[in-house]
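Chemist: Below: one structure in structure tokens.
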Amino acid sequence: MPIYGSPELVTPLIIDEKQKEAAHRYLASLAENLKQKGFRVTFTVKTGQQVPAEIIDVAKEMGAELIVMSSHGRSGFTRWLVAASP
């Protein structure tokens with residue numbers, strides 16, 4: 001099925017290593033900040049086409065008690081569109 005919409009609303013199908021490394025550095029920085037405040041933090045960077053299934057699989061593998069996700073700074077209609085996407 002074709003995907004319609006502006007490019008910033010469509011997740012790229014190909015994630016290169018630089019993007020993965022940038023995501024890892026960003027999450028490592030956030031995790032370190034939280035660890036310094038006494039939180040126990042684990043993070044991972046995964047890619048896949050079935051995002052809900054990937055999240056559930058990783059949560060089960062890690063025995064996660066809490067999952068924290070960001071919204072990429074989107075708000076309003078754009079956030080609603082991204083959140084409502086299957």
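Chain labels run A, B, ... following the order of the structure tokens; each chain numbers its residues from 1, and ligands are numbered from 1 in the order shown.
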Which residues are close to range 36-49 of chain A, i.e. within 12 Å by only C-alpha atoms, leaving aside same-chain residues fewer than 2 positions away? Reply as number ranges by chain.

Modeler: A: 10-17, 19-34, 51-59, 61-69, 86
